[in-house]
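Listing of data-v9.cif, mmCIF, C-alpha atoms and all ligand atoms
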```cif
data_target
loop_
_atom_site.label_atom_id
_atom_site.label_comp_id
_atom_site.auth_asym_id
_atom_site.auth_seq_id
_atom_site.Cartn_x
_atom_site.Cartn_y
_atom_site.Cartn_z
CA MET A 112 70.13 78.34 76.29
CA LEU A 113 70.01 76.81 72.84
CA PRO A 114 68.28 73.43 72.48
CA GLY A 115 70.75 70.58 72.84
CA SER A 116 73.16 72.39 75.13
CA VAL A 117 75.09 71.93 78.35
CA VAL A 118 76.16 74.69 80.75
CA VAL A 119 79.19 74.10 82.99
CA ILE A 120 79.93 76.66 85.72
CA ALA A 121 82.68 75.73 88.17
CA SER A 122 83.74 77.60 91.28
CA ASN A 123 87.39 77.93 92.06
CA ARG A 124 89.50 76.57 94.84
CA LYS A 125 90.83 78.97 97.46
CA MET A 126 93.50 81.26 96.11
CA HIS A 127 96.93 80.63 97.55
CA ARG A 128 98.52 83.51 99.45
CA ASN A 129 101.86 82.28 100.88
CA GLY A 130 103.05 79.31 102.89
CA ASP A 131 99.97 77.47 104.10
CA GLN A 132 97.72 80.55 103.91
CA HIS A 133 94.94 81.31 101.46
CA PHE A 134 92.98 84.44 100.63
CA PRO A 135 89.37 84.36 101.87
CA PHE A 136 87.25 82.41 99.44
CA ARG A 137 84.52 84.09 97.43
CA GLN A 138 82.07 82.08 95.40
CA SER A 139 81.75 82.72 91.65
CA SER A 140 78.91 85.23 91.37
CA ASP A 141 77.18 83.44 88.50
CA LEU A 142 77.30 80.15 90.36
CA TYR A 143 76.01 81.80 93.52
CA TYR A 144 73.23 83.54 91.61
CA LEU A 145 72.04 80.24 90.17
CA SER A 146 72.51 78.02 93.22
CA GLY A 147 72.97 79.98 96.46
CA ILE A 148 75.86 77.64 97.27
CA ARG A 149 78.96 79.20 98.79
CA GLU A 150 81.30 76.21 98.92
CA GLU A 151 84.55 76.17 96.99
CA MET A 152 85.04 73.51 94.29
CA THR A 153 81.33 73.36 93.44
CA VAL A 154 80.27 72.66 89.85
CA LEU A 155 76.85 73.39 88.40
CA VAL A 156 75.75 71.59 85.24
CA ILE A 157 72.57 72.49 83.38
CA TRP A 158 71.40 70.51 80.40
CA ARG A 159 68.71 71.34 77.89
CA GLY A 160 67.46 68.58 75.59
CA SER A 161 67.32 68.86 71.79
CA TYR A 162 63.76 68.00 70.99
CA SER A 163 61.78 69.10 74.00
CA ASP A 164 61.83 71.70 76.70
CA GLN A 165 63.44 69.24 79.03
CA TYR A 166 65.96 70.56 81.53
CA LYS A 167 68.23 68.84 83.96
CA GLU A 168 70.36 70.47 86.63
CA ILE A 169 73.04 68.78 88.66
CA LEU A 170 75.13 70.23 91.45
CA TYR A 171 78.51 68.66 92.20
CA LEU A 172 80.23 68.98 95.56
CA PRO A 173 83.79 67.94 96.39
CA GLU A 174 84.23 64.58 98.02
CA GLU A 175 84.38 64.56 101.81
CA ASP A 176 88.00 64.76 102.92
CA PRO A 177 88.43 63.66 106.56
CA VAL A 178 91.68 65.62 106.98
CA LYS A 179 90.12 68.80 105.63
CA THR A 180 87.07 68.25 107.81
CA ARG A 181 89.28 67.95 110.90
CA TRP A 182 91.06 71.24 110.15
CA GLU A 183 88.31 73.32 108.60
CA GLY A 184 85.09 71.71 109.77
CA PRO A 185 82.56 69.76 107.75
CA GLN A 186 81.58 70.91 104.27
CA ILE A 187 77.94 71.34 103.33
CA SER A 188 76.09 68.00 103.14
CA GLN A 189 74.46 66.85 99.92
CA GLU A 190 71.12 67.13 101.68
CA ASP A 191 71.66 70.76 102.75
CA ALA A 192 73.08 71.68 99.36
CA GLY A 193 69.90 70.32 97.79
CA ALA A 194 67.67 72.19 100.22
CA ASN A 195 69.57 75.51 99.88
CA SER A 196 69.80 75.42 96.10
CA GLY A 197 66.52 73.79 95.18
CA ILE A 198 68.51 71.43 93.01
CA ILE A 199 67.28 67.89 93.53
CA ASP A 200 70.18 66.08 91.89
CA VAL A 201 73.28 66.68 94.06
CA ARG A 202 76.33 64.48 93.45
CA VAL A 203 80.02 64.33 94.30
CA HIS A 204 82.87 65.17 91.91
CA THR A 205 83.84 61.57 91.21
CA THR A 206 81.20 61.16 88.52
CA LEU A 207 81.46 64.65 87.00
CA LEU A 208 83.61 63.87 83.95
CA LYS A 209 81.75 60.66 83.19
CA ASP A 210 78.38 62.45 83.47
CA LEU A 211 79.54 65.31 81.28
CA ARG A 212 80.77 62.90 78.59
CA GLU A 213 77.30 61.38 78.47
CA LEU A 214 75.54 64.75 78.31
CA PHE A 215 77.93 66.01 75.60
CA GLU A 216 77.18 62.98 73.44
CA ASN A 217 73.56 64.10 73.14
CA SER A 218 74.27 67.82 72.72
CA SER A 219 75.47 70.27 70.09
CA HIS A 220 76.44 73.24 72.27
CA VAL A 221 78.39 73.83 75.43
CA TYR A 222 78.42 77.00 77.52
CA PHE A 223 81.29 77.72 79.90
CA GLY A 224 81.25 80.14 82.80
CA THR A 225 84.68 81.64 82.25
CA PRO A 226 86.44 83.72 81.27
CA ARG A 227 84.30 86.65 82.30
CA PRO A 228 85.37 90.16 81.28
CA GLY A 229 88.15 91.19 83.65
CA ASP A 230 89.24 87.65 84.53
CA ASP A 231 92.94 86.94 84.68
CA PRO A 232 93.65 84.76 81.61
CA GLU A 233 96.70 83.27 83.33
CA SER A 234 94.85 81.99 86.39
CA ILE A 235 94.17 78.29 86.32
CA SER A 236 90.58 77.65 87.23
CA ASN A 237 88.81 74.44 88.02
CA GLU A 238 86.83 75.02 84.91
CA ALA A 239 89.98 75.16 82.79
CA GLU A 240 90.92 71.75 84.19
CA ILE A 241 87.53 70.29 83.33
CA ARG A 242 87.85 71.71 79.81
CA ARG A 243 91.29 70.21 79.40
CA SER A 244 90.11 66.80 80.54
CA LEU A 245 87.22 66.86 78.09
CA GLU A 246 88.99 68.44 75.09
CA ASN A 247 88.22 65.52 72.79
CA GLU A 248 84.57 65.40 73.79
CA THR A 249 83.95 69.15 73.34
CA ALA A 250 85.79 69.33 69.99
CA ARG A 251 82.62 68.61 68.02
CA LEU A 252 80.46 70.97 70.11
CA GLN A 253 79.92 74.63 69.47
CA GLU A 254 81.37 76.60 72.38
CA HIS A 255 79.70 79.62 73.97
CA LEU A 256 80.21 81.80 77.00
CA ILE A 257 77.45 81.93 79.57
CA SER A 258 78.34 85.50 80.63
CA PRO A 259 76.15 87.41 78.10
CA LEU A 260 73.11 85.41 79.26
CA MET A 261 73.98 85.82 82.93
CA THR A 262 74.56 89.56 82.49
CA ARG A 263 71.07 89.98 81.06
CA ILE A 264 69.56 88.16 84.03
CA ARG A 265 71.71 89.70 86.76
CA MET A 266 71.20 93.28 85.52
CA PHE A 267 67.58 93.16 86.66
CA LYS A 268 67.24 92.78 90.40
CA GLU A 269 64.36 90.88 91.91
CA TYR A 270 62.54 92.24 94.95
CA GLU A 271 64.56 90.05 97.32
CA GLU A 272 67.83 91.20 95.83
CA VAL A 273 66.89 94.85 96.26
CA GLU A 274 66.06 94.09 99.90
CA MET A 275 69.57 92.64 100.40
CA ILE A 276 71.13 95.71 98.78
CA ARG A 277 69.04 97.91 101.09
CA ARG A 278 70.48 96.04 104.09
CA ALA A 279 74.01 96.47 102.77
CA ILE A 280 73.42 100.21 102.29
CA GLU A 281 71.93 100.52 105.78
CA ALA A 282 75.08 99.00 107.31
CA THR A 283 77.22 101.24 105.10
CA GLY A 284 75.33 104.29 106.36
CA LYS A 285 75.87 103.32 110.00
CA ALA A 286 79.58 102.96 109.25
CA PHE A 287 79.60 106.45 107.72
CA ILE A 288 78.07 107.95 110.89
CA GLN A 289 80.73 106.11 112.89
CA SER A 290 83.50 107.57 110.72
CA LEU A 291 82.29 111.10 111.53
CA SER A 292 82.88 110.52 115.23
CA ILE A 293 86.43 109.18 114.72
CA MET A 294 87.56 111.82 112.25
CA GLN A 295 89.90 114.43 113.67
CA PRO A 296 93.21 116.03 112.71
CA GLY A 297 96.17 113.65 113.09
CA VAL A 298 94.19 110.43 112.77
CA ARG A 299 95.52 107.85 110.26
CA GLU A 300 93.41 106.86 107.29
CA TYR A 301 93.50 103.22 108.40
CA GLU A 302 92.04 104.17 111.77
CA ILE A 303 89.02 105.54 109.94
CA ALA A 304 88.94 102.34 107.85
CA ALA A 305 89.06 100.27 111.05
CA GLY A 306 86.05 102.12 112.48
CA ILE A 307 84.10 101.63 109.28
CA ILE A 308 84.93 97.94 108.99
CA SER A 309 84.10 97.34 112.66
CA GLU A 310 80.70 99.02 112.31
CA ILE A 311 79.91 97.04 109.15
CA TYR A 312 80.65 93.75 110.95
CA LYS A 313 78.62 94.86 113.98
CA SER A 314 75.64 95.33 111.66
CA GLY A 315 75.71 91.60 110.94
CA CYS A 316 77.62 91.69 107.67
CA ASN A 317 80.43 89.21 107.41
CA ASP A 318 82.26 90.85 104.55
CA LEU A 319 82.94 94.11 102.77
CA ALA A 320 81.81 94.68 99.21
CA PHE A 321 85.33 95.93 98.37
CA GLU A 322 88.42 97.28 100.04
CA PRO A 323 87.51 100.69 101.53
CA ILE A 324 89.06 103.82 100.01
CA ILE A 325 89.92 106.32 102.73
CA ALA A 326 91.83 109.04 100.95
CA SER A 327 92.82 112.24 102.74
CA GLY A 328 94.01 115.42 101.05
CA GLN A 329 95.74 114.79 97.71
CA ASN A 330 95.29 111.03 98.00
CA ALA A 331 91.69 111.67 96.95
CA LEU A 332 93.02 112.34 93.44
CA ILE A 333 93.92 108.63 93.16
CA LEU A 334 90.66 106.95 92.21
CA HIS A 335 91.24 103.54 93.76
CA TYR A 336 93.63 104.63 96.51
CA THR A 337 93.87 101.93 99.14
CA GLY A 338 97.15 102.87 100.82
CA SER A 339 95.40 104.08 103.98
CA ARG A 340 98.63 105.06 105.80
CA GLY A 341 98.24 108.80 105.30
CA ILE A 342 97.51 111.21 108.13
CA CYS A 343 94.29 113.21 108.00
CA GLU A 344 95.58 116.78 108.18
CA LYS A 345 93.72 119.70 109.72
CA GLY A 346 92.09 121.80 107.02
CA SER A 347 91.97 119.03 104.41
CA MET A 348 89.12 116.77 103.36
CA VAL A 349 88.87 112.99 103.29
CA LEU A 350 87.20 111.12 100.46
CA MET A 351 85.67 107.86 101.66
CA ASP A 352 84.30 105.23 99.26
CA PHE A 353 83.20 102.01 100.91
CA GLY A 354 80.43 99.46 101.08
CA ALA A 355 79.14 96.60 103.19
CA ASP A 356 78.32 93.16 101.84
CA TRP A 357 75.02 91.81 103.13
CA GLU A 358 74.59 88.13 102.29
CA TYR A 359 76.65 88.51 99.12
CA TYR A 360 74.99 91.77 98.01
CA ALA A 361 76.93 95.04 97.84
CA GLY A 362 76.41 98.62 98.91
CA ASP A 363 78.70 101.31 97.48
CA ILE A 364 78.75 104.82 98.93
CA SER A 365 81.12 107.77 98.64
CA ARG A 366 81.20 110.81 100.88
CA THR A 367 83.79 113.55 101.33
CA ILE A 368 84.14 115.26 104.70
CA PRO A 369 86.34 117.95 106.32
CA VAL A 370 88.91 116.54 108.77
CA ASN A 371 88.27 119.15 111.45
CA GLY A 372 84.50 119.17 111.00
CA LYS A 373 84.24 122.45 109.10
CA PHE A 374 84.53 123.01 105.34
CA THR A 375 86.65 125.97 104.23
CA LYS A 376 84.98 128.46 101.90
CA ARG A 377 86.70 127.01 98.83
CA GLN A 378 86.08 123.40 99.84
CA LEU A 379 82.41 124.22 100.24
CA GLU A 380 82.26 125.85 96.80
CA LEU A 381 83.67 122.71 95.19
CA TYR A 382 81.55 120.42 97.38
CA ASN A 383 78.34 122.28 96.55
CA ALA A 384 79.15 122.15 92.84
CA CYS A 385 79.56 118.36 92.99
CA HIS A 386 76.45 118.04 95.19
CA ARG A 387 74.34 120.04 92.73
CA VAL A 388 75.52 117.81 89.90
CA LEU A 389 74.63 114.72 91.94
CA ASN A 390 71.12 116.01 92.67
CA LYS A 391 70.49 116.81 89.02
CA ALA A 392 72.11 113.55 87.86
CA MET A 393 69.82 111.45 90.05
CA LYS A 394 66.83 113.04 88.30
CA LEU A 395 68.35 112.19 84.90
CA MET A 396 68.31 108.48 85.71
CA VAL A 397 65.13 107.49 83.91
CA PRO A 398 64.12 104.37 82.00
CA GLY A 399 65.04 104.40 78.33
CA LYS A 400 68.39 106.16 78.69
CA LEU A 401 71.74 104.75 77.63
CA MET A 402 74.54 104.80 80.22
CA GLN A 403 76.87 106.71 77.86
CA ASP A 404 74.26 109.40 77.15
CA PHE A 405 73.65 109.81 80.88
CA HIS A 406 77.39 110.27 81.42
CA ALA A 407 77.56 112.92 78.69
CA GLU A 408 74.66 114.80 80.32
CA VAL A 409 76.48 114.76 83.65
CA GLY A 410 79.62 116.02 81.89
CA ALA A 411 77.65 118.98 80.55
CA LEU A 412 76.37 119.75 84.07
CA PHE A 413 79.96 119.72 85.31
CA GLU A 414 81.14 122.02 82.54
CA GLU A 415 78.68 124.64 83.76
CA GLU A 416 79.91 124.23 87.35
CA HIS A 417 83.60 124.22 86.39
CA ILE A 418 83.16 127.53 84.59
CA LYS A 419 81.39 129.04 87.64
CA LEU A 420 84.25 127.79 89.83
CA GLY A 421 86.77 129.46 87.54
CA LEU A 422 88.53 126.24 86.57
CA TYR A 423 88.30 127.33 82.92
CA SER A 424 86.32 129.90 80.99
CA MET A 425 83.36 129.50 78.70
CA GLN A 426 85.65 130.67 75.91
CA ASP A 427 88.15 127.90 76.77
CA ALA A 428 85.31 125.36 76.52
CA ARG A 429 84.20 126.82 73.19
CA ASP A 430 87.73 126.86 71.75
CA ASN A 431 88.08 123.26 72.75
CA ARG A 432 85.04 121.97 70.84
CA GLY A 433 85.74 118.90 68.75
CA LYS A 434 88.52 117.78 71.10
CA THR A 435 88.28 115.89 74.42
CA PRO A 436 85.92 118.04 76.53
CA LEU A 437 87.62 120.13 79.20
CA TRP A 438 85.35 118.74 81.93
CA LYS A 439 87.25 115.46 81.62
CA GLU A 440 90.29 117.24 83.09
CA TYR A 441 88.39 117.43 86.38
CA TYR A 442 86.20 114.33 86.17
CA TRP A 443 88.02 111.16 85.20
CA HIS A 444 85.61 108.30 85.70
CA GLY A 445 82.17 107.11 84.67
CA THR A 446 79.10 108.31 86.55
CA SER A 447 77.45 104.97 87.02
CA HIS A 448 77.89 101.22 87.24
CA SER A 449 75.64 98.32 88.06
CA ILE A 450 75.57 97.06 91.69
CA GLY A 451 74.54 93.60 92.87
CA LEU A 452 76.43 90.50 93.91
CA ASP A 453 79.51 92.38 92.77
CA VAL A 454 80.13 96.02 93.52
CA HIS A 455 80.77 96.42 89.81
CA ASP A 456 78.07 94.04 88.65
CA PRO A 457 77.83 92.90 85.04
CA PHE A 458 76.11 95.40 82.77
CA ASP A 459 75.31 95.37 79.06
CA HIS A 460 76.09 98.88 77.85
CA GLU A 461 73.89 98.46 74.81
CA MET A 462 70.84 98.23 77.03
CA LYS A 463 68.94 101.25 78.24
CA PHE A 464 68.13 102.03 81.87
CA ALA A 465 65.09 99.98 82.88
CA PRO A 466 63.13 99.26 86.08
CA GLY A 467 64.91 96.80 88.39
CA MET A 468 68.43 97.97 87.66
CA VAL A 469 70.47 99.10 90.66
CA LEU A 470 73.06 101.65 89.58
CA SER A 471 75.48 103.97 91.31
CA CYS A 472 75.34 107.71 90.74
CA GLU A 473 78.77 109.07 91.57
CA PRO A 474 79.89 112.40 90.17
CA GLY A 475 83.35 113.54 91.24
CA LEU A 476 85.35 116.73 91.10
CA TYR A 477 89.13 116.37 91.09
CA CYS A 478 91.21 119.51 91.07
CA LYS A 479 94.95 118.76 90.85
CA GLU A 480 95.91 122.43 91.08
CA GLU A 481 94.16 122.75 94.44
CA GLY A 482 94.95 119.23 95.66
CA ILE A 483 91.26 118.51 96.24
CA GLY A 484 89.24 115.43 95.29
CA ILE A 485 85.53 115.08 95.98
CA ARG A 486 83.24 112.18 95.14
CA LEU A 487 79.63 111.85 96.20
CA GLU A 488 77.98 108.51 95.48
CA ASN A 489 74.47 107.20 95.99
CA ASP A 490 72.94 103.88 94.98
CA MET A 491 69.85 104.14 92.79
CA LEU A 492 67.04 101.74 91.88
CA ILE A 493 65.56 102.48 88.47
CA THR A 494 61.75 102.51 88.74
CA ALA A 495 58.89 102.84 86.26
CA ASN A 496 59.24 106.61 85.95
CA GLY A 497 62.59 107.56 87.48
CA ALA A 498 64.89 106.25 90.16
CA GLU A 499 64.71 105.72 93.91
CA ASN A 500 67.73 106.83 95.95
CA LEU A 501 68.37 103.76 98.12
CA SER A 502 70.96 105.70 100.12
CA ALA A 503 68.71 108.68 100.88
CA GLY A 504 69.18 108.04 104.61
CA ILE A 505 72.94 108.68 104.55
CA PRO A 506 73.81 112.33 105.35
CA ILE A 507 75.23 114.33 102.46
CA ASP A 508 74.13 117.92 103.14
CA PRO A 509 77.31 119.79 104.20
CA ALA A 510 75.60 121.63 107.06
CA GLU A 511 74.27 118.32 108.40
CA ILE A 512 77.72 116.72 108.16
CA GLU A 513 79.30 119.63 110.05
CA GLU A 514 76.57 119.41 112.67
CA LEU A 515 77.07 115.67 113.13
CA MET A 516 80.85 116.09 113.40
CA HIS A 517 80.50 118.72 116.12
CA ARG A 518 78.26 116.58 118.24
MN MN B 601 80.90 103.04 92.89
#
```

Output the file's structure in the form of structure tokens.
Ligand SMILES: [Mn+2]
Amino acid sequence: MLPGSVVVIASNRKMHRNGDQHFPFRQSSDLYYLSGIREEMTVLVIWRGSYSDQYKEILYLPEEDPVKTRWEGPQISQEDAGANSGIIDVRVHTTLLKDLRELFENSSHVYFGTPRPGDDPESISNEAEIRRSLENETARLQEHLISPLMTRIRMFKEYEEVEMIRRAIEATGKAFIQSLSIMQPGVREYEIAAGIISEIYKSGCNDLAFEPIIASGQNALILHYTGSRGICEKGSMVLMDFGADWEYYAGDISRTIPVNGKFTKRQLELYNACHRVLNKAMKLMVPGKLMQDFHAEVGALFEEEHIKLGLYSMQDARDNRGKTPLWKEYYWHGTSHSIGLDVHDPFDHEMKFAPGMVLSCEPGLYCKEEGIGIRLENDMLITANGAENLSAGIPIDPAEIEELMHR
């Protein structure tokens, strides 16, 4: 934060669904990171003085609404909000605009929490309302976004955060084992999803990190397929990409398994190719490497495998030099993304891999001609000299998967 600045980060209200229903509320990740408060309509204000290293932080809660309390139960008390967040100065909304006017008078900069990359510019946030109300007061201030600062902090996980991610991955692994016992020819994709979700909740998680992808047969060629109505056909494979949320931290795992518990010869060839790339890719995740360079290295590994699989020839690859590499015909997405409070956590692509980052490693092989899609995904913690596979406990060896499915 620059000297003489104010940060305003506001959480949203619940998002309306239809009639009197709302979508489940999820706290703004930046606000949660800084405060640990999960209530809707919370506002965090941080002020830094001009001439000294003086900081002030104030947390605003909505006013108690007796009708809302009757229907939805009491909201967090000011006392508990203070204890949970470590913020001593907790107030109610009524004084927010007045307080901000005062802080702005003695400041030169203001940082806002939104929009973040990927936000819907049309959605009306609480923050947008605050900005509108204070248009005149902020006119003379220099405006900044808080997201670049927050990205730099959130990219590096503290010990406690890694522990949360480990718990999320543990629950995700249990759900994977559960899916193996439900999988059989004729079962619907959503039945597999139901088993996975149930197991995640039984592990003590009260949310999923994202909507599970259970894609059988050709559906696996759709990267973010969430239809889940398809039937798992004998002789095909199912690509499953899912993750538990443990206390707001995400796990994110992909596995691909044969519906009837036995890979065909061709499926196994493709699976082993993807598995070899994953094993080599995990070793390439070392401090000092740029994400884009890592992805290019994984692409080169795939090219070798694609040629061995007969998807194209070495000559084809050579003839194609200077154009979009042929491996991109069979591998359409990035190899890695940051994982944390969000399953796709903020990441600064100009920064090199460094200890404390938690990143996915998820090579995929998608063959339209053969109607086969495979993705294998582990979650990695970058360490001083390499990376730890946080999902090492989740079966991935094809013989082990077949053995578990026959049990
Ligand atoms: Mn992922």

>> Counting only C-alpha atoms, find residues at most 12 Å from (74.5, 80.2, 98.2) (file frame) and give them as number ranges by chain.
In response: A: 122, 137-151, 153, 187, 191-198, 358-360, 452

May I have the selected residues written with C-alpha atoms, as a short mmCIF file (atom, residue, chain, number, x, y, z; two decimals), in the frame of the given file?
```
data_model
loop_
_atom_site.label_atom_id
_atom_site.label_comp_id
_atom_site.auth_asym_id
_atom_site.auth_seq_id
_atom_site.Cartn_x
_atom_site.Cartn_y
_atom_site.Cartn_z
CA SER A 122 83.74 77.60 91.28
CA ARG A 137 84.52 84.09 97.43
CA GLN A 138 82.07 82.08 95.40
CA SER A 139 81.75 82.72 91.65
CA SER A 140 78.91 85.23 91.37
CA ASP A 141 77.18 83.44 88.50
CA LEU A 142 77.30 80.15 90.36
CA TYR A 143 76.01 81.80 93.52
CA TYR A 144 73.23 83.54 91.61
CA LEU A 145 72.04 80.24 90.17
CA SER A 146 72.51 78.02 93.22
CA GLY A 147 72.97 79.98 96.46
CA ILE A 148 75.86 77.64 97.27
CA ARG A 149 78.96 79.20 98.79
CA GLU A 150 81.30 76.21 98.92
CA GLU A 151 84.55 76.17 96.99
CA THR A 153 81.33 73.36 93.44
CA ILE A 187 77.94 71.34 103.33
CA ASP A 191 71.66 70.76 102.75
CA ALA A 192 73.08 71.68 99.36
CA GLY A 193 69.90 70.32 97.79
CA ALA A 194 67.67 72.19 100.22
CA ASN A 195 69.57 75.51 99.88
CA SER A 196 69.80 75.42 96.10
CA GLY A 197 66.52 73.79 95.18
CA ILE A 198 68.51 71.43 93.01
CA GLU A 358 74.59 88.13 102.29
CA TYR A 359 76.65 88.51 99.12
CA TYR A 360 74.99 91.77 98.01
CA LEU A 452 76.43 90.50 93.91
#
```

> So how many Å separate CA of Ser449 in chain A and CA of Leu437 in chain A, to one decimal?
Replying inline: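 If I compute the distance from CA of Ser449 in chain A to CA of Leu437 in chain A, I get 26.4 Å.
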
> When distances are computed from all atoms listed in the file, which of A:Val118, A:Leu470, A:Leu420, A:Ile199 shows the smallest separation from Ser258 in chain A?
Replying inline: A:Val118

Select the residues contacting ligand MN 601 (chain B) at a distance of at most 9 Å, based on all atoms listed in the file, then format the selection as a PDB file with C-alpha atoms, in the frame of the given file.
```
ATOM      1  CA  ASP A 352      84.300 105.230  99.260  1.00  0.00           C
ATOM      2  CA  PHE A 353      83.200 102.010 100.910  1.00  0.00           C
ATOM      3  CA  GLY A 354      80.430  99.460 101.080  1.00  0.00           C
ATOM      4  CA  GLY A 362      76.410  98.620  98.910  1.00  0.00           C
ATOM      5  CA  ASP A 363      78.700 101.310  97.480  1.00  0.00           C
ATOM      6  CA  ILE A 364      78.750 104.820  98.930  1.00  0.00           C
ATOM      7  CA  SER A 365      81.120 107.770  98.640  1.00  0.00           C
ATOM      8  CA  THR A 446      79.100 108.310  86.550  1.00  0.00           C
ATOM      9  CA  SER A 447      77.450 104.970  87.020  1.00  0.00           C
ATOM     10  CA  HIS A 448      77.890 101.220  87.240  1.00  0.00           C
ATOM     11  CA  SER A 449      75.640  98.320  88.060  1.00  0.00           C
ATOM     12  CA  ILE A 450      75.570  97.060  91.690  1.00  0.00           C
ATOM     13  CA  VAL A 454      80.130  96.020  93.520  1.00  0.00           C
ATOM     14  CA  HIS A 455      80.770  96.420  89.810  1.00  0.00           C
ATOM     15  CA  LEU A 470      73.060 101.650  89.580  1.00  0.00           C
ATOM     16  CA  SER A 471      75.480 103.970  91.310  1.00  0.00           C
ATOM     17  CA  CYS A 472      75.340 107.710  90.740  1.00  0.00           C
ATOM     18  CA  GLU A 473      78.770 109.070  91.570  1.00  0.00           C
ATOM     19  CA  GLU A 488      77.980 108.510  95.480  1.00  0.00           C
ATOM     20  CA  ASN A 489      74.470 107.200  95.990  1.00  0.00           C
ATOM     21  CA  ASP A 490      72.940 103.880  94.980  1.00  0.00           C
TER      22      ASP A 490
END
```

For Gln165 in chain A, work out the shell of residues within 12 Å, counting all atoms listed in the file and skipping chain neighbours fewer than 3 positions away, then give it as a PDB file with C-alpha atoms, in the coordinates of the input.
```
ATOM      1  CA  MET A 112      70.130  78.340  76.290  1.00  0.00           C
ATOM      2  CA  LEU A 113      70.010  76.810  72.840  1.00  0.00           C
ATOM      3  CA  PRO A 114      68.280  73.430  72.480  1.00  0.00           C
ATOM      4  CA  GLY A 115      70.750  70.580  72.840  1.00  0.00           C
ATOM      5  CA  SER A 116      73.160  72.390  75.130  1.00  0.00           C
ATOM      6  CA  VAL A 117      75.090  71.930  78.350  1.00  0.00           C
ATOM      7  CA  ILE A 157      72.570  72.490  83.380  1.00  0.00           C
ATOM      8  CA  TRP A 158      71.400  70.510  80.400  1.00  0.00           C
ATOM      9  CA  ARG A 159      68.710  71.340  77.890  1.00  0.00           C
ATOM     10  CA  GLY A 160      67.460  68.580  75.590  1.00  0.00           C
ATOM     11  CA  SER A 161      67.320  68.860  71.790  1.00  0.00           C
ATOM     12  CA  TYR A 162      63.760  68.000  70.990  1.00  0.00           C
ATOM     13  CA  GLU A 168      70.360  70.470  86.630  1.00  0.00           C
TER      14      GLU A 168
END
```

> Using only C-alpha atoms, which residue out of A:Ile505, A:Arg432, A:Ser292, A:Trp438 lies closest to Ala407 in chain A?
Replying inline: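 Closest to Ala407 in chain A of all the choices is A:Trp438.
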
> What is the CA of Lys209 in chain A to CA of Leu256 in chain A distance in Å?
Replying inline: 22.1 Å

> How far is it from CA of Leu515 in chain A to CA of Leu291 in chain A, in Å with one decimal?
Replying inline: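 One can read the CA of Leu515 in chain A to CA of Leu291 in chain A distance as 7.1 Å.
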
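Comparing the minimum interatomic distances between Ile483 in chain A and each of A:Leu245, A:Leu379, A:Leu211, A:Ile264, counting only C-alpha atoms, we find that A:Leu379 sits nearest.
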
Would you list the contacts of Leu501 in chain A as a PDB file with C-alpha atoms, in the coordinates of the input, taking every protein, DNA or RNA residue within 8 Å and counting only C-alpha atoms, but skipping same-chain residues closer than 2 positions in sequence?
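Resulting contents of result06.pdb:
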```pdb
ATOM      1  CA  ARG A 277      69.040  97.910 101.090  1.00  0.00           C
ATOM      2  CA  ILE A 280      73.420 100.210 102.290  1.00  0.00           C
ATOM      3  CA  ASN A 489      74.470 107.200  95.990  1.00  0.00           C
ATOM      4  CA  ASP A 490      72.940 103.880  94.980  1.00  0.00           C
ATOM      5  CA  MET A 491      69.850 104.140  92.790  1.00  0.00           C
ATOM      6  CA  LEU A 492      67.040 101.740  91.880  1.00  0.00           C
ATOM      7  CA  GLU A 499      64.710 105.720  93.910  1.00  0.00           C
ATOM      8  CA  ALA A 503      68.710 108.680 100.880  1.00  0.00           C
ATOM      9  CA  GLY A 504      69.180 108.040 104.610  1.00  0.00           C
TER      10      GLY A 504
END
```

> Which of these residues is nearest to Met261 in chain A, using all atoms listed in the file: A:Phe458, A:Tyr477, A:Tyr382, A:Phe321?
Replying inline: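 Under the stated criterion, the closest residue is A:Phe458.
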
> Excluding same-chain residues fewer than 6 positions from Cys385 in chain A, what lies within 9 Å of it counting only C-alpha atoms, as a PyMOL selection string?
Replying inline: chain A and resi 413+416+474-476+485-487

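Near range 324-330 of chain A, within 7 Å and counting only C-alpha atoms, sit Glu300, Ala304, Glu322, Leu332, Ile333, His335, Tyr336, Thr337, Ser339, Gly341, Cys343, Ser347, Met348, Val349, Leu350, Met351, Asp352, Phe353, Gly482, Ile483 and Gly484 of chain A, not including residues fewer than 2 positions from it in the same chain.
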
>> Counting only C-alpha atoms, which residue out of A:Thr206, A:Thr225, A:Asn371, A:Asn123 sits closest to Ile169 in chain A?
In response: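 For Ile169 in chain A, the nearest of the candidates is A:Thr206.
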
> Smallest atom-to-atom distance to Tyr301 in chain A: which of A:Ala320, A:Ile342, A:Met393, A:Ala286, using all atoms listed in the file?
Replying inline: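 Using all atoms listed in the file, the shortest distance to Tyr301 in chain A belongs to A:Ile342.
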
>> Using all atoms listed in the file, which protein or nucleic acid residues come within 12 Å of Ala510 in chain A? Drop anything in the same chain fewer than 6 positions from it, and give the result as a PyMOL selection string.
In response: chain A and resi 368-369+372-374+379+382-383+516-517

Could I get range 373-382 of chain A from the block written out with C-alpha atoms, as an mmCIF file, in the first residue's frame?
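Okay, result24.cif is ready:
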```cif
data_model
loop_
_atom_site.group_PDB
_atom_site.id
_atom_site.type_symbol
_atom_site.label_atom_id
_atom_site.label_comp_id
_atom_site.auth_asym_id
_atom_site.auth_seq_id
_atom_site.Cartn_x
_atom_site.Cartn_y
_atom_site.Cartn_z
ATOM 1 C CA LYS A 373 -10.476 -53.084 -17.139
ATOM 2 C CA PHE A 374 -8.641 -50.855 -19.636
ATOM 3 C CA THR A 375 -8.636 -52.025 -23.258
ATOM 4 C CA LYS A 376 -5.230 -52.345 -24.915
ATOM 5 C CA ARG A 377 -5.618 -49.033 -26.750
ATOM 6 C CA GLN A 378 -6.998 -47.196 -23.724
ATOM 7 C CA LEU A 379 -4.012 -48.383 -21.729
ATOM 8 C CA GLU A 380 -1.582 -47.184 -24.412
ATOM 9 C CA LEU A 381 -3.086 -43.705 -24.296
ATOM 10 C CA TYR A 382 -3.366 -43.756 -20.493
#
```
